[in-house]
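J.: For reference, this is data.csv, and it has CSV, C-alpha atoms.
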```
chain,number,residue,atom,x,y,z
A,6,MET,CA,53.1,188.5,178.3
A,7,PRO,CA,49.4,189.0,179.3
A,8,SER,CA,47.4,186.0,180.2
A,9,LYS,CA,44.8,186.9,177.6
A,10,PRO,CA,46.4,188.2,174.4
A,11,GLN,CA,45.2,191.6,173.2
A,12,SER,CA,43.7,191.9,169.8
A,13,VAL,CA,46.5,192.5,167.3
A,14,GLY,CA,46.5,192.8,163.5
A,15,GLY,CA,48.9,193.7,160.8
A,16,GLN,CA,49.8,194.2,157.2
A,17,ALA,CA,52.7,193.3,154.9
A,18,VAL,CA,54.5,196.3,153.4
A,19,ILE,CA,57.5,196.8,151.2
A,20,GLU,CA,60.3,194.8,152.8
A,21,GLY,CA,58.5,194.9,156.1
A,22,VAL,CA,55.5,194.4,158.3
A,23,MET,CA,53.1,196.8,160.1
A,24,MET,CA,51.6,195.6,163.4
A,25,ARG,CA,48.7,197.2,165.2
A,26,ALA,CA,48.0,196.8,168.9
A,27,PRO,CA,45.1,198.5,170.7
A,28,GLU,CA,47.0,201.8,171.3
A,29,ALA,CA,50.1,201.6,169.0
A,30,ILE,CA,51.1,200.9,165.5
A,31,ALA,CA,54.6,199.8,164.7
A,32,THR,CA,56.2,199.4,161.2
A,33,ALA,CA,59.4,197.5,160.8
A,34,VAL,CA,61.3,197.6,157.5
A,35,ARG,CA,64.5,195.8,156.4
A,36,THR,CA,66.8,198.3,154.7
A,37,LEU,CA,69.3,197.6,152.0
A,38,ASP,CA,72.1,197.3,154.5
A,39,LYS,CA,70.1,194.5,156.2
A,40,LYS,CA,69.3,196.6,159.3
A,41,ILE,CA,65.8,196.9,160.7
A,42,THR,CA,64.3,200.3,161.1
A,43,VAL,CA,61.2,200.7,163.3
A,44,LYS,CA,58.6,203.5,163.4
A,45,VAL,CA,56.1,203.5,166.3
A,46,ASP,CA,53.0,205.7,166.2
A,47,PRO,CA,50.2,206.2,168.8
A,48,TYR,CA,46.9,204.7,167.7
A,49,LEU,CA,43.4,204.5,169.1
A,50,ALA,CA,40.6,203.3,166.9
A,51,LEU,CA,37.9,205.8,166.1
A,52,SER,CA,35.4,203.3,167.5
A,53,LYS,CA,37.2,203.5,170.8
A,54,ARG,CA,37.4,207.3,170.8
A,55,TYR,CA,33.7,207.8,170.0
A,56,LYS,CA,31.2,205.4,171.5
A,57,ILE,CA,28.6,206.1,168.8
A,58,LEU,CA,31.0,204.6,166.2
A,59,ASN,CA,31.3,201.3,168.2
A,60,ILE,CA,27.8,200.2,167.2
A,61,PRO,CA,27.9,196.8,165.4
A,62,ILE,CA,28.0,197.1,161.6
A,63,LEU,CA,28.8,200.8,161.8
A,64,ARG,CA,32.2,200.1,163.5
A,65,GLY,CA,33.0,197.7,160.7
A,66,ALA,CA,32.5,200.3,158.0
A,67,VAL,CA,34.5,202.9,160.0
A,68,SER,CA,37.3,200.4,160.7
A,69,LEU,CA,37.6,199.5,157.0
A,70,PHE,CA,38.0,203.2,156.1
A,71,GLU,CA,40.4,203.7,159.0
A,72,MET,CA,42.6,200.7,158.0
A,73,LEU,CA,42.6,201.8,154.4
A,74,VAL,CA,44.1,205.2,155.4
A,75,ILE,CA,46.6,203.6,157.8
A,76,GLY,CA,47.6,201.0,155.2
A,77,ILE,CA,48.3,203.6,152.5
A,78,ARG,CA,50.4,205.7,154.9
A,79,THR,CA,52.3,202.7,156.0
A,80,LEU,CA,53.0,201.5,152.5
A,81,SER,CA,54.2,205.0,151.6
A,82,TYR,CA,56.5,205.0,154.7
A,83,SER,CA,57.9,201.5,153.8
A,84,ALA,CA,58.6,202.6,150.2
A,85,ASP,CA,60.5,205.6,151.5
A,86,VAL,CA,62.6,203.5,153.8
A,87,ALA,CA,63.3,200.8,151.2
A,88,MET,CA,64.5,203.5,148.8
A,89,LYS,CA,66.4,205.6,151.4
A,90,GLU,CA,69.9,204.6,150.5
A,91,ALA,CA,69.3,205.0,146.8
A,92,GLN,CA,68.1,208.5,147.4
A,93,GLU,CA,70.6,209.4,150.1
A,94,GLU,CA,72.4,212.0,148.1
A,95,GLU,CA,69.2,213.9,147.2
A,96,GLN,CA,67.9,213.7,150.8
A,97,LYS,CA,71.0,215.4,152.1
A,98,LYS,CA,70.1,218.6,150.2
A,99,GLU,CA,67.5,219.6,152.7
A,100,ASP,CA,68.0,223.4,152.1
A,101,ASN,CA,67.9,223.0,148.3
A,102,PRO,CA,64.6,224.6,147.0
A,103,ARG,CA,64.5,222.2,144.1
A,104,THR,CA,64.6,219.2,146.5
A,105,LYS,CA,61.7,220.7,148.5
A,106,ARG,CA,59.7,221.3,145.3
A,107,GLN,CA,60.5,217.8,144.2
A,108,ALA,CA,59.2,216.4,147.6
A,109,PHE,CA,56.0,218.4,147.1
A,110,PHE,CA,55.5,217.0,143.6
A,111,ASP,CA,56.3,213.5,144.9
A,112,GLU,CA,53.5,213.8,147.5
A,113,LEU,CA,51.2,215.2,144.8
A,114,LEU,CA,52.0,212.3,142.5
A,115,LEU,CA,51.4,209.8,145.3
A,116,GLY,CA,48.0,211.3,146.1
A,117,GLY,CA,47.0,211.2,142.4
A,118,SER,CA,48.2,207.6,142.2
A,119,LEU,CA,46.0,206.6,145.1
A,120,VAL,CA,43.0,208.3,143.7
A,121,LEU,CA,43.6,206.6,140.4
A,122,ALA,CA,44.0,203.2,142.1
A,123,LEU,CA,40.7,203.6,144.0
A,124,ALA,CA,38.9,204.6,140.8
A,125,LEU,CA,40.3,201.6,139.0
A,126,GLY,CA,39.4,199.4,141.9
A,127,VAL,CA,35.8,200.6,141.9
A,128,GLY,CA,35.6,200.2,138.1
A,129,LEU,CA,37.3,196.8,137.9
A,130,PHE,CA,35.7,195.0,140.9
A,131,PHE,CA,32.4,196.9,141.3
A,132,PHE,CA,31.1,198.4,138.0
A,133,LEU,CA,32.6,195.9,135.5
A,134,PRO,CA,30.8,192.8,137.0
A,135,LEU,CA,27.5,194.7,136.8
A,136,LEU,CA,28.1,195.6,133.2
A,137,ALA,CA,29.2,192.1,132.3
A,138,ALA,CA,26.1,190.5,133.9
A,139,GLN,CA,23.9,192.9,131.9
A,140,LEU,CA,25.7,192.3,128.6
A,141,LEU,CA,25.3,188.5,129.2
A,142,HIS,CA,21.5,189.2,129.2
A,143,VAL,CA,21.1,187.2,132.4
A,144,SER,CA,17.8,187.5,134.3
A,145,ARG,CA,17.4,191.0,135.7
A,146,GLY,CA,15.7,189.5,138.8
A,147,ALA,CA,17.4,190.5,142.0
A,148,LEU,CA,18.9,187.1,143.0
A,149,GLY,CA,19.7,185.8,139.6
A,150,PHE,CA,21.5,189.0,138.5
A,151,ASN,CA,23.5,189.3,141.7
A,152,LEU,CA,24.6,185.7,141.6
A,153,ILE,CA,26.0,186.2,138.2
A,154,ALA,CA,27.6,189.6,139.0
A,155,GLY,CA,29.0,188.2,142.2
A,156,GLY,CA,30.5,185.2,140.5
A,157,ILE,CA,32.1,187.5,137.9
A,158,ARG,CA,33.4,189.7,140.7
A,159,ILE,CA,35.0,186.8,142.5
A,160,ALA,CA,36.5,185.4,139.3
A,161,ILE,CA,38.1,188.8,138.5
A,162,PHE,CA,39.5,189.0,142.0
A,163,LEU,CA,41.0,185.5,141.8
A,164,ALA,CA,42.5,186.2,138.4
A,165,TYR,CA,43.9,189.5,139.7
A,166,LEU,CA,45.5,187.8,142.7
A,167,TRP,CA,47.0,185.0,140.6
A,168,ALA,CA,48.4,187.5,138.1
A,169,ILE,CA,50.1,189.7,140.6
A,170,SER,CA,51.4,186.7,142.5
A,171,ARG,CA,53.7,186.0,139.5
A,172,TRP,CA,55.7,189.2,140.1
A,173,LYS,CA,58.8,188.8,142.1
A,174,GLU,CA,58.2,192.0,144.0
A,175,ILE,CA,54.7,191.0,145.0
A,176,ARG,CA,55.9,187.6,146.0
A,177,ARG,CA,58.2,189.2,148.5
A,178,ILE,CA,55.2,191.1,150.0
A,179,PHE,CA,53.3,187.8,150.2
A,180,GLU,CA,56.2,186.3,152.1
A,181,TYR,CA,56.1,189.1,154.6
A,182,HIS,CA,52.3,188.6,154.8
A,183,GLY,CA,53.1,185.0,155.8
A,184,ALA,CA,55.6,186.2,158.4
A,185,GLU,CA,52.9,188.6,159.8
A,186,HIS,CA,50.5,185.7,160.3
A,187,LYS,CA,53.1,183.4,161.9
A,188,SER,CA,54.0,186.1,164.4
A,189,ILE,CA,50.4,186.8,165.4
A,190,PHE,CA,49.8,183.0,165.8
A,191,THR,CA,52.9,182.9,168.1
A,192,TYR,CA,51.6,185.7,170.2
A,193,GLU,CA,48.1,184.3,170.5
A,194,ALA,CA,49.5,181.0,171.6
A,195,GLY,CA,51.3,182.8,174.4
A,196,GLU,CA,54.7,181.7,173.2
A,197,GLU,CA,58.0,183.7,173.3
A,198,LEU,CA,58.2,186.0,170.3
A,199,THR,CA,61.2,184.4,168.7
A,200,VAL,CA,61.9,183.1,165.2
A,201,GLU,CA,62.3,179.6,166.5
A,202,CYS,CA,58.8,179.7,168.0
A,203,ALA,CA,57.1,181.4,165.1
A,204,ARG,CA,58.6,179.2,162.4
A,205,LYS,CA,56.3,176.3,163.1
A,206,TYR,CA,53.0,178.2,162.7
A,207,SER,CA,50.8,178.4,159.6
A,208,THR,CA,50.8,181.3,157.2
A,209,LEU,CA,47.0,181.1,157.0
A,210,HIS,CA,45.1,183.1,159.6
A,211,PRO,CA,41.2,183.2,159.9
A,212,ARG,CA,41.1,187.0,160.5
A,213,CYS,CA,43.1,187.9,157.4
A,214,GLY,CA,42.1,190.8,155.2
A,215,THR,CA,42.0,188.4,152.2
A,216,SER,CA,39.3,186.4,153.9
A,217,PHE,CA,37.5,189.6,154.6
A,218,ILE,CA,37.4,190.5,150.9
A,219,LEU,CA,35.9,187.1,150.1
A,220,ILE,CA,33.3,187.5,152.8
A,221,VAL,CA,32.4,191.0,151.4
A,222,ALA,CA,31.9,189.5,147.9
A,223,ILE,CA,29.6,186.8,149.2
A,224,SER,CA,27.7,189.1,151.6
A,225,ALA,CA,27.2,191.5,148.7
A,226,ILE,CA,25.3,188.9,146.7
A,227,LEU,CA,22.8,188.5,149.5
A,228,LEU,CA,22.4,192.1,150.5
A,229,PHE,CA,22.3,193.5,147.0
A,230,SER,CA,19.6,191.0,146.1
A,231,VAL,CA,17.5,192.4,148.9
A,232,THR,CA,18.2,196.1,147.9
A,233,ASP,CA,17.4,195.4,144.3
A,234,ALA,CA,14.1,193.7,145.2
A,235,LEU,CA,13.2,196.7,147.5
A,236,PHE,CA,14.0,199.1,144.7
A,237,VAL,CA,11.4,197.4,142.4
A,238,VAL,CA,8.8,197.6,145.2
A,239,THR,CA,9.6,201.2,146.0
A,240,PHE,CA,9.9,202.6,142.5
A,241,GLY,CA,7.8,200.1,140.5
A,242,HIS,CA,10.4,199.3,137.8
A,243,LEU,CA,13.5,197.3,137.3
A,244,GLN,CA,16.8,199.1,137.7
A,245,ASN,CA,18.9,200.1,134.7
A,246,LEU,CA,22.7,199.8,135.0
A,247,GLY,CA,23.3,203.3,136.4
A,248,GLU,CA,20.6,202.9,139.1
A,249,ARG,CA,21.9,199.5,140.1
A,250,PHE,CA,25.4,200.8,140.4
A,251,LEU,CA,24.3,203.8,142.6
A,252,THR,CA,22.1,201.5,144.7
A,253,HIS,CA,24.9,199.0,145.3
A,254,PHE,CA,27.5,201.7,145.9
A,255,THR,CA,25.3,203.4,148.5
A,256,PHE,CA,24.9,200.2,150.5
A,257,LEU,CA,28.6,199.1,150.2
A,258,PRO,CA,29.4,200.5,153.7
A,259,LEU,CA,26.6,198.2,155.1
A,260,VAL,CA,28.1,195.2,153.3
A,261,ALA,CA,31.6,196.1,154.7
A,262,GLY,CA,30.2,196.5,158.2
A,263,ALA,CA,28.3,193.2,158.2
A,264,SER,CA,31.4,191.4,156.8
A,265,TYR,CA,33.6,192.9,159.5
A,266,GLU,CA,31.3,191.4,162.2
A,267,LEU,CA,31.3,188.0,160.5
A,268,LEU,CA,35.1,188.1,160.3
A,269,LYS,CA,35.4,188.9,164.0
A,270,LEU,CA,33.0,186.1,164.9
A,271,SER,CA,34.8,183.6,162.7
A,272,GLY,CA,38.1,184.5,164.4
A,273,LYS,CA,36.6,183.9,167.9
A,274,ARG,CA,34.8,180.7,166.9
A,275,SER,CA,37.4,179.3,164.5
A,276,GLU,CA,37.3,175.9,166.1
A,277,HIS,CA,33.6,175.4,165.7
A,278,ARG,CA,32.5,173.0,163.0
A,279,ILE,CA,30.3,175.4,161.2
A,280,MET,CA,32.8,178.2,161.4
A,281,LYS,CA,35.5,176.0,160.1
A,282,ALA,CA,33.5,175.4,157.0
A,283,PHE,CA,32.7,179.2,156.8
A,284,ILE,CA,36.3,180.3,156.9
A,285,ALA,CA,37.7,177.5,154.8
A,286,PRO,CA,37.4,179.4,151.4
A,287,GLY,CA,39.2,182.4,152.9
A,288,LEU,CA,42.1,180.2,154.1
A,289,TRP,CA,42.3,178.5,150.6
A,290,LEU,CA,42.5,182.0,149.1
A,291,GLN,CA,45.4,182.8,151.4
A,292,LYS,CA,47.4,180.1,149.8
A,293,ILE,CA,47.8,182.7,147.0
A,294,THR,CA,48.3,185.8,149.1
A,295,THR,CA,50.7,184.3,151.7
A,296,LYS,CA,54.0,182.5,151.1
A,297,GLU,CA,56.5,180.8,153.5
A,298,PRO,CA,58.9,183.5,154.8
A,299,ASP,CA,62.5,183.1,155.6
A,300,ASP,CA,64.0,183.7,159.0
A,301,GLU,CA,65.0,187.3,158.2
A,302,GLN,CA,61.4,188.1,157.2
A,303,LEU,CA,60.1,186.5,160.4
A,304,GLU,CA,62.5,188.6,162.4
A,305,VAL,CA,61.1,191.8,160.9
A,306,ALA,CA,57.5,190.8,161.7
A,307,LEU,CA,58.4,189.9,165.3
A,308,VAL,CA,60.3,193.2,165.8
A,309,ALA,CA,57.2,195.1,164.5
A,310,LEU,CA,54.9,193.1,166.8
A,311,LYS,CA,57.1,193.5,169.9
A,312,SER,CA,57.5,197.2,169.2
A,313,ALA,CA,53.7,197.7,169.0
A,314,LEU,CA,53.0,195.7,172.1
A,315,ALA,CA,55.8,197.3,174.1
A,316,ASP,CA,54.5,200.8,173.3
A,317,ASP,CA,50.9,199.6,174.0
A,318,HIS,CA,52.0,198.1,177.4
A,319,ARG,CA,53.9,201.3,178.3
A,320,LYS,CA,50.8,203.4,177.8
A,321,GLY,CA,48.7,201.0,179.8
A,322,ALA,CA,51.2,201.1,182.7
A,323,LYS,CA,51.2,204.9,182.5
A,324,LYS,CA,47.4,205.0,182.8
A,325,ASP,CA,47.4,202.7,185.7
A,326,ASN,CA,49.8,205.0,187.6
A,327,GLU,CA,47.8,208.1,187.0
```
Take the structure from the file and write it as structure tokens.
T.:
Amino acid sequence: MPSKPQSVGGQAVIEGVMMRAPEAIATAVRTLDKKITVKVDPYLALSKRYKILNIPILRGAVSLFEMLVIGIRTLSYSADVAMKEAQEEEQKKEDNPRTKRQAFFDELLLGGSLVLALALGVGLFFFLPLLAAQLLHVSRGALGFNLIAGGIRIAIFLAYLWAISRWKEIRRIFEYHGAEHKSIFTYEAGEELTVECARKYSTLHPRCGTSFILIVAISAILLFSVTDALFVVTFGHLQNLGERFLTHFTFLPLVAGASYELLKLSGKRSEHRIMKAFIAPGLWLQKITTKEPDDEQLEVALVALKSALADDHRKGAKKDNE
């Protein structure tokens, strides 16, 4: 175990956990027969490969896009593993043309579903709050309008989280989310990566993606108020709904980048009095998105973390010997 823990992160997936070390990503999934299958892939962030992408703010926007792609791929992999036994007979027919065609259409369906999900996400969490604020005939001034739209956006997000948390399948993912956090806390504390050590830690982590989304929502209120005011100064008239949507959507990467920097800072200074107050709402929100895991779920998260670190350390040792 290194004296100074490396930066690690993760994500709950279907019946498993993905863990990300600086140079490796490992996904551990519990199969129907109770075994743990692990997939390890090499990984080096785009901001590490290209120095120009490591500029503050820009690296946050790049990282968000990168993690979205990795997250989608990992979820797809975990779904395949979780359903492997149920589809075993079909998978054995590797030379069957119909099976290959079916696999192609499955991939096509997955891609279409992801595009639809992104479109619904933009519509529900981005366009709808702007429309609602306009229909409520609130002040079209920059700050007043964005306070109302931002409040509606946060309310929709909270309602969405509460609704999906009632589903049994989603609750399982939230339990693995808690296991991910406990495992990372154990590593950061320098303790042995065992279920016994991890069990005592909290499921609430200051660098969680849930907290990031809340920071984005708050940052958007401030930044979009500035951009709306600048629009009036530049073009000499108030924005209509379409212009406001395009302006906000254009500056969304800047909001994501700034929020990323704030999240990193809050993680490093989590014990500071001001930072404690700053991260508190995100931790409260995690009481919805994380649940207490059982020992089997903790085991899966720890296997993923150890696999990512082992591969990362192996690459580091190889570089040192070259």
J.: Quick check, in Å to one decimal: how far apart do atom CA of Ala87 of chain A and atom CA of Val45 of chain A lie?
T.: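 Pair atom CA of Ala87 of chain A / atom CA of Val45 of chain A returns 16.9 Å.
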J.: In Å, with one decimal, what is the gap from atom CA of Ile175 of chain A to atom CA of Ala222 of chain A?
T.: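 Computed distance, atom CA of Ile175 of chain A to atom CA of Ala222 of chain A, equals 23.0 Å.
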J.: Would you work out the distance separating atom CA of Ala313 of chain A from atom CA of Ser207 of chain A, expressed in Å to one decimal?
T.: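 Straight-line distance from atom CA of Ala313 of chain A to atom CA of Ser207 of chain A works out to 21.7 Å.
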J.: Taking all atoms listed in the file into account, which of A:Ser188, A:Ser264, A:Gln302, A:Thr255 comes nearest Thr215 of chain A?
T.: A:Ser264
J.: For a cutoff of 12 Å around the file-coordinate point (34.5, 187.6, 164.8), which residues qualify once you count only C-alpha atoms? I'd like the result as a PyMOL selection string.
T.: chain A and resi 12+61-62+65+211-213+216-217+262-275+280+283-284
J.: Pick the closest to Lys39 of chain A from A:Leu243, A:Val86, A:Val74, A:Ala168: which is it, counting only C-alpha atoms?
T.: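 Closest to Lys39 of chain A of all the choices is A:Val86.
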J.: Could you pull the residues within 10 Å of Pro298 of chain A, counting only C-alpha atoms, minus those fewer than 5 positions along the same chain, as a count of residues only?
T.: 14
J.: Per residue of segment 129-184 of chain A within 12 Å of segment 231-241 of chain A, which atom pair is closest and at what distance in Å (one decimal), using all atoms listed in the file, listed by chain and increasing number, as a tab-separated table?
T.:
```
residue	atom	partner	partner_atom	distance
A:Arg145	CA	A:Asp233	CA	9.7
A:Gly146	CA	A:Ala234	CA	7.8
A:Ala147	CA	A:Asp233	CA	5.4
A:Leu148	CA	A:Val231	CA	8.1
A:Gly149	CA	A:Asp233	CA	10.9
A:Phe150	CA	A:Asp233	CA	9.6
A:Asn151	CA	A:Asp233	CA	9.0
```
J.: Which residue out of A:Phe132, A:Leu141, A:Val305, A:Lys296 has the minimum interatomic distance to Ile161 of chain A when all atoms listed in the file are used?
T.: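 That would be A:Phe132, the residue with the smallest distance to Ile161 of chain A.
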J.: Restricting the calculation to all atoms listed in the file: of A:Leu307, A:Val260, A:Leu246, A:Ala225, which residue gets closest to Thr32 of chain A?
T.: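 Closest candidate: A:Leu307.
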